[in-house]
Amino acid sequence: MKNENLKIFEEIISLENLFLAWREFRRGKSKKPDVIEFEYNLEDNLFELHQELKSGVWRHSHYTAFNVRDPKLRRIHKACVRDRVLHHAVFRVLYPIFDKSFIFDSYSCRLEKGTHRAVNRLEQFCRQSSHNNHQNIVALKCDVRRFFDSIDQDILLLFIKNKIHDGKAIRLIAKIIRSFEYGLPAYAGDSSAYGLRMTQRMGLPLGNVTSQLFANIYLNELDQFVKHNLKVKHYLRYCDDFVILGEDKRRLRELILPVSDFLRTRLNLSLHSDKIIIRKYHQGIDFLGYVVLPRYRVLRTKTKRRILKKIKAKSRDFKKKLISEKSFNQSLESYLGILTHCCGYKIGQKIKNL
C-alpha cells in the first residue's frame, strides 16, 4: 500500500486541516450572514465538527437549491457552512493525490490551469498541427450531455477506491457523494463491467468544491482512453467540453463512435448529439467563449452580446445609485480584462463609451 493511502481520514479531519479549510472557504464570503454566524463561534463549531467526524456520527445536511444564469440556466445546490468547510478539507487532501494522475491537457478546476491556459494550449496545438498555419486542419468539438446530473455515483466511488484504500476516508467520501441524488432512469450501460446494480444513484451537485475534483476523476477515464487507446496527440478537455484536432474530417468522424461507446458503456454518459461539431481551422474553433483562428482569436459573438448587456445593466444601476462607483469599476475592469486575451479593441471602445 502506498504511503499516500495511509491515514487519509485522520489527515482530513485533523483540526489543522479543518482550520486551513475554513480559511480557504471564507475567502470572498466573509460578509455572508451564514458565514458570519458560523465564525462567531468558530472554534466551537470546528471542534464539534472534528468530534462528530472522529466518532462517525457526522451526517450531511440538506441542500438549498437555486438557479443561476451564466449564461445558460443552471441549478445550484448549496450546503450549509459547516458541510462546505468539510468539503474544502476533503478537497485539500484528495486533490494532490489525484491531480498527479490527470493528463496535462485537462484544464478545469486545477491549479495553474483554467480557461485562458486552455485556449492558449488550443492555439499552440493548432500551430503545431497546421505547421505554423501553413496547412489547414479540422477540429472535432464535443460536449457530454447533462454531465453533472448523469455521473454514476457507484462508478465514481469505484474510481476513488482504486486510489484510496483508507476505509474510513472512503466512507466519509461516500457520505458526501450520497448526500445528493438526481432522479434519472436506471443504468443504461454494461453494468457487468463494474458489477453494479441496475438501479444507480446519479449526479453531483453544482456548488460543492468536491464536485469539481470528482468530475475530473470521473472524466480522467475518458482522457486516458483518448490519449492511450485512441492514440490522439492533440486533445484537450475543460470540464465536459473537449476538442480533438486532426488533418482530415474522415479520421475525426471515425473517432466519434469509439468515444461515444466508451462514455456509454464505461461511464454511463452520452455525447450531446447537437454539439458534435467538426470545423475547419480557418473557419474558427469555438472554445470556452473564444473563437480561435489562424494568427488571432476573437470573442464568441454571444459572449460579446452578453458582456455589452451586462455592462449596460451595471451602468443603469450605477446611474440610479443602486451600486457604488467602486462596484461598477470592478465590473468594468473585469470585462476589459477578458478582452486582453483576444482581439477585442472595438468592443473595448464600445464598453468605454457606454
# chains A, B, ... in the order shown; residues from 1 in each chain; ligands from 1

$ residues_around --residues "Asp274 of chain A" --least-positions-apart "6" --cutoff "12 Å" --atoms "only C-alpha atoms" --output "PyMOL selection string"
chain A and resi 141-145

$ write_last_selection --atoms "C-alpha atoms" --output "PDB file, in the first residue's frame"
ATOM      1  CA  LYS A 141     -15.582  19.568 -30.624  1.00  0.00           C
ATOM      2  CA  CYS A 142     -17.854  17.553 -28.313  1.00  0.00           C
ATOM      3  CA  ASP A 143     -19.907  18.092 -25.196  1.00  0.00           C
ATOM      4  CA  VAL A 144     -21.053  15.492 -22.645  1.00  0.00           C
ATOM      5  CA  ARG A 145     -24.806  15.656 -22.236  1.00  0.00           C
TER       6      ARG A 145
END

$ residues_around --residues "segment 328-344 of chain A" --least-positions-apart "6" --cutoff "12 Å" --atoms "only C-alpha atoms" --output "ChimeraX atom specification"
/A:115-120,123,288-293,295-301,303-304,306-322,350-354

$ atom_distance --atom1 "atom CA of Ile137 of chain A" --atom2 "atom CA of Cys239 of chain A"
23.9 Å

$ residues_around --residues "Ile173 of chain A" --least-positions-apart "3" --cutoff "10 Å" --atoms "only C-alpha atoms" --output "MDAnalysis selection string"
chainID A and resid 9 87 90 157 160 167:170 176:179 210

$ select_by_dssp --residues "segment 60-121 of chain A" --states "strand (DSSP E)" --output "number ranges by chain"
A: 64-69, 73-78

$ write_last_selection --atoms "all heavy atoms" --output "CSV table (one decimal), in the first residue's frame"
chain,number,residue,atom,x,y,z
A,64,THR,N,-29.7,23.6,-0.2
A,64,THR,CA,-30.6,24.7,-0.6
A,64,THR,C,-30.4,24.9,-2.1
A,64,THR,O,-29.3,25.1,-2.5
A,64,THR,CB,-30.3,26.0,0.1
A,64,THR,OG1,-30.5,25.8,1.5
A,64,THR,CG2,-31.2,27.1,-0.3
A,65,ALA,N,-31.5,24.8,-2.9
A,65,ALA,CA,-31.4,24.8,-4.3
A,65,ALA,C,-31.8,26.2,-4.8
A,65,ALA,O,-32.8,26.8,-4.3
A,65,ALA,CB,-32.2,23.7,-5.0
A,66,PHE,N,-31.1,26.7,-5.9
A,66,PHE,CA,-31.5,27.9,-6.5
A,66,PHE,C,-30.9,27.9,-7.9
A,66,PHE,O,-30.0,27.1,-8.2
A,66,PHE,CB,-31.0,29.2,-5.7
A,66,PHE,CG,-29.5,29.2,-5.5
A,66,PHE,CD1,-28.7,29.9,-6.4
A,66,PHE,CD2,-29.0,28.6,-4.4
A,66,PHE,CE1,-27.3,29.9,-6.1
A,66,PHE,CE2,-27.6,28.6,-4.2
A,66,PHE,CZ,-26.8,29.3,-5.0
A,67,ASN,N,-31.4,28.8,-8.8
A,67,ASN,CA,-31.0,28.9,-10.2
A,67,ASN,C,-30.0,30.1,-10.4
A,67,ASN,O,-30.2,31.1,-9.8
A,67,ASN,CB,-32.2,29.0,-11.1
A,67,ASN,CG,-33.0,27.7,-11.1
A,67,ASN,OD1,-32.6,26.6,-10.9
A,67,ASN,ND2,-34.3,27.9,-11.2
A,68,VAL,N,-29.1,29.9,-11.3
A,68,VAL,CA,-28.2,31.0,-11.8
A,68,VAL,C,-28.2,30.9,-13.3
A,68,VAL,O,-28.4,29.8,-13.8
A,68,VAL,CB,-26.8,31.0,-11.2
A,68,VAL,CG1,-26.8,31.1,-9.7
A,68,VAL,CG2,-26.1,29.7,-11.6
A,69,ARG,N,-27.9,32.0,-13.9
A,69,ARG,CA,-27.8,32.0,-15.4
A,69,ARG,C,-26.4,32.5,-15.8
A,69,ARG,O,-26.1,33.7,-15.5
A,69,ARG,CB,-28.9,32.9,-16.0
A,69,ARG,CG,-29.0,32.7,-17.5
A,69,ARG,CD,-30.2,33.5,-18.0
A,69,ARG,NE,-31.4,33.0,-17.6
A,69,ARG,CZ,-32.1,32.0,-18.2
A,69,ARG,NH1,-31.5,31.4,-19.3
A,69,ARG,NH2,-33.3,31.6,-17.8
A,73,LEU,N,-29.1,28.6,-17.9
A,73,LEU,CA,-29.7,28.3,-16.6
A,73,LEU,C,-29.0,27.1,-16.0
A,73,LEU,O,-29.0,26.0,-16.6
A,73,LEU,CB,-31.2,28.1,-16.7
A,73,LEU,CG,-32.0,28.1,-15.4
A,73,LEU,CD1,-32.0,29.5,-14.8
A,73,LEU,CD2,-33.4,27.7,-15.7
A,74,ARG,N,-28.6,27.2,-14.7
A,74,ARG,CA,-28.0,26.1,-14.0
A,74,ARG,C,-28.7,26.0,-12.6
A,74,ARG,O,-29.0,27.1,-12.0
A,74,ARG,CB,-26.5,26.3,-13.8
A,74,ARG,CG,-25.7,26.3,-15.1
A,74,ARG,CD,-24.2,26.5,-14.9
A,74,ARG,NE,-23.5,26.7,-16.1
A,74,ARG,CZ,-23.0,25.7,-16.9
A,74,ARG,NH1,-23.3,24.4,-16.5
A,74,ARG,NH2,-22.3,26.0,-17.9
A,75,ARG,N,-28.8,24.8,-12.2
A,75,ARG,CA,-29.4,24.6,-10.9
A,75,ARG,C,-28.3,24.3,-9.9
A,75,ARG,O,-27.5,23.4,-10.0
A,75,ARG,CB,-30.3,23.3,-10.9
A,75,ARG,CG,-31.1,23.1,-9.7
A,75,ARG,CD,-32.2,24.1,-9.5
A,75,ARG,NE,-33.2,23.7,-8.5
A,75,ARG,CZ,-34.1,24.5,-8.0
A,75,ARG,NH1,-34.2,25.8,-8.4
A,75,ARG,NH2,-34.9,24.1,-7.1
A,76,ILE,N,-28.1,25.2,-8.9
A,76,ILE,CA,-27.1,25.1,-7.9
A,76,ILE,C,-27.6,24.6,-6.6
A,76,ILE,O,-28.7,24.9,-6.2
A,76,ILE,CB,-26.5,26.5,-7.7
A,76,ILE,CG1,-26.0,27.2,-9.0
A,76,ILE,CG2,-25.3,26.4,-6.6
A,76,ILE,CD1,-24.9,26.4,-9.7
A,77,HIS,N,-26.9,23.7,-6.0
A,77,HIS,CA,-27.3,23.1,-4.7
A,77,HIS,C,-26.2,23.5,-3.7
A,77,HIS,O,-25.1,23.2,-3.8
A,77,HIS,CB,-27.4,21.6,-4.8
A,77,HIS,CG,-28.6,21.2,-5.6
A,77,HIS,ND1,-28.6,21.1,-7.0
A,77,HIS,CD2,-29.9,20.8,-5.2
A,77,HIS,CE1,-29.7,20.7,-7.4
A,77,HIS,NE2,-30.5,20.5,-6.4
A,78,LYS,N,-26.7,24.3,-2.7
A,78,LYS,CA,-25.7,24.9,-1.7
A,78,LYS,C,-25.9,24.2,-0.3
A,78,LYS,O,-27.0,24.1,0.2
A,78,LYS,CB,-26.1,26.4,-1.5
A,78,LYS,CG,-25.3,27.1,-0.5
A,78,LYS,CD,-25.7,28.6,-0.4
A,78,LYS,CE,-25.1,29.3,0.7
A,78,LYS,NZ,-25.7,30.7,0.8

$ select_by_dssp --residues "segment 29-264 of chain A" --states "helix (DSSP H, G or I)" --output "short mmCIF file (atom, residue, chain, number, x, y, z; two decimals) with N, CA and C atoms, in the first residue's frame"
data_model
loop_
_atom_site.label_atom_id
_atom_site.label_comp_id
_atom_site.auth_asym_id
_atom_site.auth_seq_id
_atom_site.Cartn_x
_atom_site.Cartn_y
_atom_site.Cartn_z
N PRO A 33 -24.17 36.37 5.77
CA PRO A 33 -24.75 36.18 7.12
C PRO A 33 -24.47 34.80 7.71
N ASP A 34 -24.59 33.73 6.92
CA ASP A 34 -24.36 32.39 7.46
C ASP A 34 -22.89 32.17 7.81
N VAL A 35 -21.99 32.80 7.06
CA VAL A 35 -20.57 32.70 7.35
C VAL A 35 -20.23 33.47 8.63
N ILE A 36 -20.81 34.66 8.77
CA ILE A 36 -20.60 35.47 9.99
C ILE A 36 -21.09 34.71 11.22
N GLU A 37 -22.26 34.08 11.09
CA GLU A 37 -22.82 33.32 12.21
C GLU A 37 -21.92 32.15 12.60
N PHE A 38 -21.39 31.43 11.60
CA PHE A 38 -20.51 30.30 11.88
C PHE A 38 -19.21 30.78 12.52
N GLU A 39 -18.70 31.90 12.05
CA GLU A 39 -17.42 32.42 12.54
C GLU A 39 -17.53 32.93 13.97
N TYR A 40 -18.73 33.34 14.38
CA TYR A 40 -18.92 33.88 15.74
C TYR A 40 -18.50 32.87 16.80
N LEU A 42 -16.44 30.10 15.97
CA LEU A 42 -15.64 29.32 15.04
C LEU A 42 -14.99 28.12 15.68
N GLU A 43 -14.25 28.33 16.76
CA GLU A 43 -13.53 27.22 17.39
C GLU A 43 -14.47 26.14 17.86
N ASP A 44 -15.56 26.53 18.52
CA ASP A 44 -16.54 25.54 19.00
C ASP A 44 -17.11 24.76 17.82
N ASN A 45 -17.45 25.46 16.73
CA ASN A 45 -18.05 24.79 15.57
C ASN A 45 -17.08 23.81 14.92
N LEU A 46 -15.81 24.19 14.80
CA LEU A 46 -14.83 23.29 14.16
C LEU A 46 -14.47 22.13 15.08
N PHE A 47 -14.38 22.38 16.38
CA PHE A 47 -14.12 21.28 17.31
C PHE A 47 -15.28 20.29 17.32
N GLU A 48 -16.51 20.81 17.26
CA GLU A 48 -17.68 19.93 17.22
C GLU A 48 -17.68 19.10 15.94
N LEU A 49 -17.36 19.74 14.81
CA LEU A 49 -17.29 19.02 13.54
C LEU A 49 -16.22 17.93 13.61
N HIS A 50 -15.07 18.27 14.16
CA HIS A 50 -13.98 17.30 14.30
C HIS A 50 -14.43 16.09 15.12
N GLN A 51 -15.11 16.34 16.25
CA GLN A 51 -15.55 15.24 17.12
C GLN A 51 -16.60 14.37 16.45
N GLU A 52 -17.53 14.99 15.72
CA GLU A 52 -18.55 14.21 15.02
C GLU A 52 -17.93 13.33 13.93
N LEU A 53 -16.95 13.87 13.23
CA LEU A 53 -16.27 13.08 12.21
C LEU A 53 -15.47 11.95 12.84
N LYS A 54 -14.80 12.26 13.92
CA LYS A 54 -13.97 11.26 14.59
C LYS A 54 -14.80 10.11 15.14
N SER A 55 -15.98 10.43 15.68
CA SER A 55 -16.84 9.40 16.28
C SER A 55 -17.74 8.72 15.26
N VAL A 81 -22.77 25.96 5.87
CA VAL A 81 -21.39 26.38 6.01
C VAL A 81 -20.52 25.25 6.56
N ARG A 82 -21.00 24.57 7.59
CA ARG A 82 -20.20 23.52 8.21
C ARG A 82 -19.82 22.44 7.21
N ASP A 83 -20.78 22.02 6.38
CA ASP A 83 -20.50 20.98 5.40
C ASP A 83 -19.58 21.48 4.29
N ARG A 84 -19.73 22.75 3.93
CA ARG A 84 -18.85 23.30 2.90
C ARG A 84 -17.41 23.41 3.39
N VAL A 85 -17.22 23.69 4.67
CA VAL A 85 -15.87 23.69 5.24
C VAL A 85 -15.28 22.28 5.15
N LEU A 86 -16.10 21.28 5.46
CA LEU A 86 -15.63 19.90 5.34
C LEU A 86 -15.28 19.55 3.89
N HIS A 87 -16.09 20.02 2.95
CA HIS A 87 -15.79 19.78 1.53
C HIS A 87 -14.40 20.31 1.18
N HIS A 88 -14.09 21.49 1.67
CA HIS A 88 -12.76 22.07 1.43
C HIS A 88 -11.67 21.22 2.08
N ALA A 89 -11.96 20.70 3.28
CA ALA A 89 -10.98 19.86 3.99
C ALA A 89 -10.70 18.58 3.19
N VAL A 90 -11.75 17.99 2.64
CA VAL A 90 -11.59 16.79 1.82
C VAL A 90 -10.83 17.12 0.54
N PHE A 91 -11.20 18.22 -0.08
CA PHE A 91 -10.54 18.64 -1.32
C PHE A 91 -9.05 18.87 -1.11
N ARG A 92 -8.68 19.52 0.01
CA ARG A 92 -7.28 19.82 0.29
C ARG A 92 -6.42 18.56 0.33
N VAL A 93 -6.98 17.47 0.85
CA VAL A 93 -6.20 16.23 1.00
C VAL A 93 -6.23 15.39 -0.28
N LEU A 94 -7.39 15.32 -0.92
CA LEU A 94 -7.52 14.44 -2.10
C LEU A 94 -6.92 15.04 -3.37
N TYR A 95 -6.98 16.36 -3.50
CA TYR A 95 -6.52 16.99 -4.75
C TYR A 95 -5.10 16.59 -5.14
N PRO A 96 -4.10 16.73 -4.25
CA PRO A 96 -2.73 16.37 -4.67
C PRO A 96 -2.55 14.89 -4.98
N ILE A 97 -3.39 14.04 -4.41
CA ILE A 97 -3.29 12.61 -4.67
C ILE A 97 -3.76 12.29 -6.09
N PHE A 98 -4.89 12.88 -6.48
CA PHE A 98 -5.47 12.55 -7.79
C PHE A 98 -4.91 13.40 -8.91
N ASP A 99 -4.57 14.65 -8.62
CA ASP A 99 -4.16 15.56 -9.70
C ASP A 99 -2.95 15.04 -10.47
N THR A 115 -9.41 28.52 -17.99
CA THR A 115 -9.92 28.74 -19.34
C THR A 115 -8.87 29.37 -20.26
N HIS A 116 -8.16 30.38 -19.78
CA HIS A 116 -7.22 31.08 -20.65
C HIS A 116 -6.05 30.19 -21.05
N ARG A 117 -5.56 29.39 -20.10
CA ARG A 117 -4.48 28.45 -20.44
C ARG A 117 -4.98 27.38 -21.42
N ALA A 118 -6.25 27.00 -21.28
CA ALA A 118 -6.81 26.00 -22.20
C ALA A 118 -6.87 26.56 -23.62
N VAL A 119 -7.31 27.81 -23.75
CA VAL A 119 -7.38 28.42 -25.09
C VAL A 119 -5.97 28.64 -25.65
N ASN A 120 -5.04 29.05 -24.78
CA ASN A 120 -3.64 29.18 -25.24
C ASN A 120 -3.10 27.86 -25.75
N ARG A 121 -3.41 26.78 -25.04
CA ARG A 121 -2.94 25.46 -25.45
C ARG A 121 -3.57 25.04 -26.77
N LEU A 122 -4.85 25.36 -26.95
CA LEU A 122 -5.51 25.05 -28.22
C LEU A 122 -4.82 25.77 -29.37
N GLU A 123 -4.48 27.04 -29.14
CA GLU A 123 -3.75 27.78 -30.18
C GLU A 123 -2.40 27.13 -30.48
N GLN A 124 -1.71 26.69 -29.44
CA GLN A 124 -0.42 26.01 -29.62
C GLN A 124 -0.60 24.74 -30.42
N PHE A 125 -1.62 23.94 -30.09
CA PHE A 125 -1.90 22.71 -30.83
C PHE A 125 -2.20 23.02 -32.29
N CYS A 126 -2.97 24.08 -32.52
CA CYS A 126 -3.32 24.45 -33.90
C CYS A 126 -2.08 24.82 -34.70
N ARG A 127 -1.17 25.56 -34.10
CA ARG A 127 0.06 25.93 -34.80
C ARG A 127 0.90 24.69 -35.13
N GLN A 128 1.01 23.78 -34.14
CA GLN A 128 1.79 22.57 -34.35
C GLN A 128 1.18 21.71 -35.45
N SER A 129 -0.12 21.48 -35.33
CA SER A 129 -0.79 20.58 -36.27
C SER A 129 -0.85 21.15 -37.68
N PHE A 147 -23.80 16.46 -17.93
CA PHE A 147 -22.70 15.75 -17.30
C PHE A 147 -22.87 15.57 -15.79
N PHE A 148 -22.99 16.66 -15.06
CA PHE A 148 -23.04 16.56 -13.59
C PHE A 148 -24.27 15.77 -13.13
N ASP A 149 -25.39 15.93 -13.81
CA ASP A 149 -26.60 15.19 -13.44
C ASP A 149 -26.49 13.70 -13.74
N SER A 150 -25.59 13.34 -14.66
CA SER A 150 -25.52 11.95 -15.15
C SER A 150 -24.37 11.14 -14.56
N GLN A 153 -22.77 7.53 -9.32
CA GLN A 153 -22.06 7.60 -8.05
C GLN A 153 -21.30 6.31 -7.73
N ASP A 154 -21.85 5.16 -8.11
CA ASP A 154 -21.17 3.89 -7.85
C ASP A 154 -19.87 3.78 -8.65
N ILE A 155 -19.93 4.20 -9.91
CA ILE A 155 -18.72 4.15 -10.74
C ILE A 155 -17.68 5.13 -10.22
N LEU A 156 -18.14 6.33 -9.83
CA LEU A 156 -17.22 7.33 -9.26
C LEU A 156 -16.53 6.79 -8.02
N LEU A 157 -17.27 6.17 -7.13
CA LEU A 157 -16.68 5.61 -5.91
C LEU A 157 -15.68 4.50 -6.24
N LEU A 158 -15.97 3.74 -7.27
CA LEU A 158 -15.03 2.69 -7.68
C LEU A 158 -13.69 3.30 -8.10
N PHE A 159 -13.74 4.38 -8.87
CA PHE A 159 -12.51 5.05 -9.30
C PHE A 159 -11.74 5.60 -8.10
N ILE A 160 -12.47 6.14 -7.13
CA ILE A 160 -11.81 6.69 -5.94
C ILE A 160 -11.19 5.57 -5.11
N LYS A 161 -11.89 4.46 -4.99
CA LYS A 161 -11.36 3.32 -4.23
C LYS A 161 -10.10 2.74 -4.86
N GLY A 167 -10.34 2.87 4.60
CA GLY A 167 -11.77 2.59 4.68
C GLY A 167 -12.57 3.73 5.27
N LYS A 168 -12.05 4.37 6.31
CA LYS A 168 -12.78 5.49 6.93
C LYS A 168 -12.90 6.67 5.98
N ALA A 169 -11.82 6.92 5.23
CA ALA A 169 -11.86 8.01 4.26
C ALA A 169 -12.89 7.73 3.17
N ILE A 170 -12.94 6.49 2.71
CA ILE A 170 -13.91 6.10 1.68
C ILE A 170 -15.33 6.27 2.19
N ARG A 171 -15.58 5.88 3.44
CA ARG A 171 -16.93 6.03 3.99
C ARG A 171 -17.33 7.50 4.09
N LEU A 172 -16.39 8.36 4.45
CA LEU A 172 -16.68 9.80 4.52
C LEU A 172 -16.95 10.35 3.12
N ILE A 173 -16.11 9.99 2.17
CA ILE A 173 -16.30 10.46 0.79
C ILE A 173 -17.64 9.97 0.25
N ALA A 174 -17.99 8.73 0.56
CA ALA A 174 -19.26 8.17 0.11
C ALA A 174 -20.44 8.95 0.69
N LYS A 175 -20.33 9.36 1.96
CA LYS A 175 -21.40 10.16 2.58
C LYS A 175 -21.60 11.47 1.83
N ILE A 176 -20.50 12.10 1.44
CA ILE A 176 -20.60 13.37 0.71
C ILE A 176 -21.22 13.14 -0.67
N ILE A 177 -20.76 12.10 -1.36
CA ILE A 177 -21.31 11.81 -2.69
C ILE A 177 -22.77 11.42 -2.59
N ARG A 178 -23.13 10.58 -1.62
CA ARG A 178 -24.51 10.10 -1.46
C ARG A 178 -25.45 11.18 -0.92
N SER A 191 -23.55 -2.89 -17.06
CA SER A 191 -23.28 -2.91 -15.62
C SER A 191 -22.34 -4.04 -15.23
N SER A 192 -22.26 -5.09 -16.05
CA SER A 192 -21.40 -6.22 -15.70
C SER A 192 -19.93 -5.82 -15.66
N ALA A 193 -19.59 -4.74 -16.38
CA ALA A 193 -18.19 -4.29 -16.41
C ALA A 193 -17.71 -3.87 -15.03
N VAL A 209 -17.30 22.16 -3.75
CA VAL A 209 -15.93 22.19 -4.28
C VAL A 209 -15.45 20.76 -4.57
N THR A 210 -15.94 19.79 -3.81
CA THR A 210 -15.57 18.40 -4.07
C THR A 210 -16.08 17.92 -5.43
N SER A 211 -17.20 18.47 -5.88
CA SER A 211 -17.75 18.04 -7.17
C SER A 211 -16.80 18.34 -8.31
N GLN A 212 -16.04 19.43 -8.19
CA GLN A 212 -15.07 19.80 -9.23
C GLN A 212 -13.99 18.72 -9.35
N LEU A 213 -13.49 18.28 -8.20
CA LEU A 213 -12.47 17.23 -8.22
C LEU A 213 -13.05 15.90 -8.68
N PHE A 214 -14.22 15.54 -8.16
CA PHE A 214 -14.85 14.27 -8.53
C PHE A 214 -15.15 14.22 -10.03
N ALA A 215 -15.53 15.36 -10.61
CA ALA A 215 -15.79 15.42 -12.05
C ALA A 215 -14.53 15.12 -12.84
N ASN A 216 -13.40 15.65 -12.40
CA ASN A 216 -12.14 15.38 -13.08
C ASN A 216 -11.70 13.93 -12.91
N ILE A 217 -11.95 13.36 -11.73
CA ILE A 217 -11.64 11.94 -11.51
C ILE A 217 -12.46 11.08 -12.49
N TYR A 218 -13.73 11.44 -12.65
CA TYR A 218 -14.63 10.67 -13.50
C TYR A 218 -14.21 10.74 -14.97
N LEU A 219 -13.97 11.95 -15.47
CA LEU A 219 -13.65 12.09 -16.89
C LEU A 219 -12.18 11.85 -17.19
N ASN A 220 -11.35 11.66 -16.16
CA ASN A 220 -9.98 11.25 -16.41
C ASN A 220 -9.95 9.90 -17.14
N GLU A 221 -10.96 9.07 -16.90
CA GLU A 221 -11.04 7.80 -17.61
C GLU A 221 -11.18 8.02 -19.12
N LEU A 222 -11.98 9.01 -19.49
CA LEU A 222 -12.11 9.35 -20.92
C LEU A 222 -10.79 9.89 -21.45
N ASP A 223 -10.14 10.77 -20.67
CA ASP A 223 -8.85 11.34 -21.10
C ASP A 223 -7.83 10.25 -21.40
N GLN A 224 -7.73 9.28 -20.49
CA GLN A 224 -6.76 8.20 -20.66
C GLN A 224 -7.10 7.34 -21.87
N PHE A 225 -8.39 7.10 -22.08
CA PHE A 225 -8.82 6.30 -23.23
C PHE A 225 -8.47 7.00 -24.54
N VAL A 226 -8.75 8.30 -24.63
CA VAL A 226 -8.48 9.04 -25.86
C VAL A 226 -6.98 9.10 -26.14
N LYS A 227 -6.20 9.37 -25.09
CA LYS A 227 -4.76 9.53 -25.27
C LYS A 227 -4.05 8.21 -25.53
N HIS A 228 -4.40 7.18 -24.75
CA HIS A 228 -3.62 5.94 -24.80
C HIS A 228 -4.23 4.85 -25.67
N ASN A 229 -5.55 4.80 -25.75
CA ASN A 229 -6.18 3.77 -26.58
C ASN A 229 -6.38 4.25 -28.02
N LYS A 249 -11.41 15.31 -41.99
CA LYS A 249 -12.70 15.09 -41.35
C LYS A 249 -13.00 13.60 -41.17
N ARG A 250 -12.58 12.79 -42.15
CA ARG A 250 -12.90 11.36 -42.08
C ARG A 250 -12.35 10.73 -40.81
N ARG A 251 -11.09 11.02 -40.50
CA ARG A 251 -10.46 10.46 -39.30
C ARG A 251 -11.18 10.93 -38.04
N LEU A 252 -11.58 12.20 -38.00
CA LEU A 252 -12.27 12.71 -36.82
C LEU A 252 -13.66 12.08 -36.67
N ARG A 253 -14.34 11.89 -37.79
CA ARG A 253 -15.66 11.23 -37.73
C ARG A 253 -15.52 9.80 -37.20
N GLU A 254 -14.43 9.14 -37.58
CA GLU A 254 -14.21 7.77 -37.11
C GLU A 254 -13.99 7.70 -35.60
N LEU A 255 -13.57 8.80 -34.99
CA LEU A 255 -13.33 8.81 -33.54
C LEU A 255 -14.62 8.96 -32.74
N ILE A 256 -15.67 9.49 -33.35
CA ILE A 256 -16.90 9.78 -32.62
C ILE A 256 -17.51 8.50 -32.02
N LEU A 257 -17.58 7.44 -32.81
CA LEU A 257 -18.21 6.20 -32.33
C LEU A 257 -17.46 5.57 -31.16
N PRO A 258 -16.13 5.35 -31.23
CA PRO A 258 -15.46 4.77 -30.06
C PRO A 258 -15.53 5.65 -28.81
N VAL A 259 -15.48 6.96 -28.98
CA VAL A 259 -15.61 7.86 -27.83
C VAL A 259 -17.01 7.73 -27.24
N SER A 260 -18.01 7.75 -28.09
CA SER A 260 -19.40 7.63 -27.64
C SER A 260 -19.65 6.30 -26.95
N ASP A 261 -19.13 5.20 -27.53
CA ASP A 261 -19.29 3.88 -26.92
C ASP A 261 -18.61 3.80 -25.56
N PHE A 262 -17.41 4.38 -25.45
CA PHE A 262 -16.70 4.36 -24.17
C PHE A 262 -17.49 5.11 -23.10
N LEU A 263 -18.00 6.27 -23.46
CA LEU A 263 -18.79 7.05 -22.50
C LEU A 263 -20.03 6.28 -22.05
N ARG A 264 -20.68 5.63 -22.99
CA ARG A 264 -21.94 4.92 -22.68
C ARG A 264 -21.69 3.68 -21.84
#

$ atom_distance --atom1 "atom CA of Glu16 of chain A" --atom2 "atom CA of Arg110 of chain A"
23.0 Å

$ closest_residue --among "A:Glu181, A:Arg279, A:Asn17, A:Tyr63" --to "Asp152 of chain A" --atoms "only C-alpha atoms"
A:Glu181

$ closest_residue --among "A:Leu267, A:Ile151, A:Val138, A:Leu245" --to "Leu204 of chain A" --atoms "only C-alpha atoms"
A:Ile151

$ atom_distance --atom1 "atom CA of Lys326 of chain A" --atom2 "atom CA of Gly207 of chain A"
27.5 Å
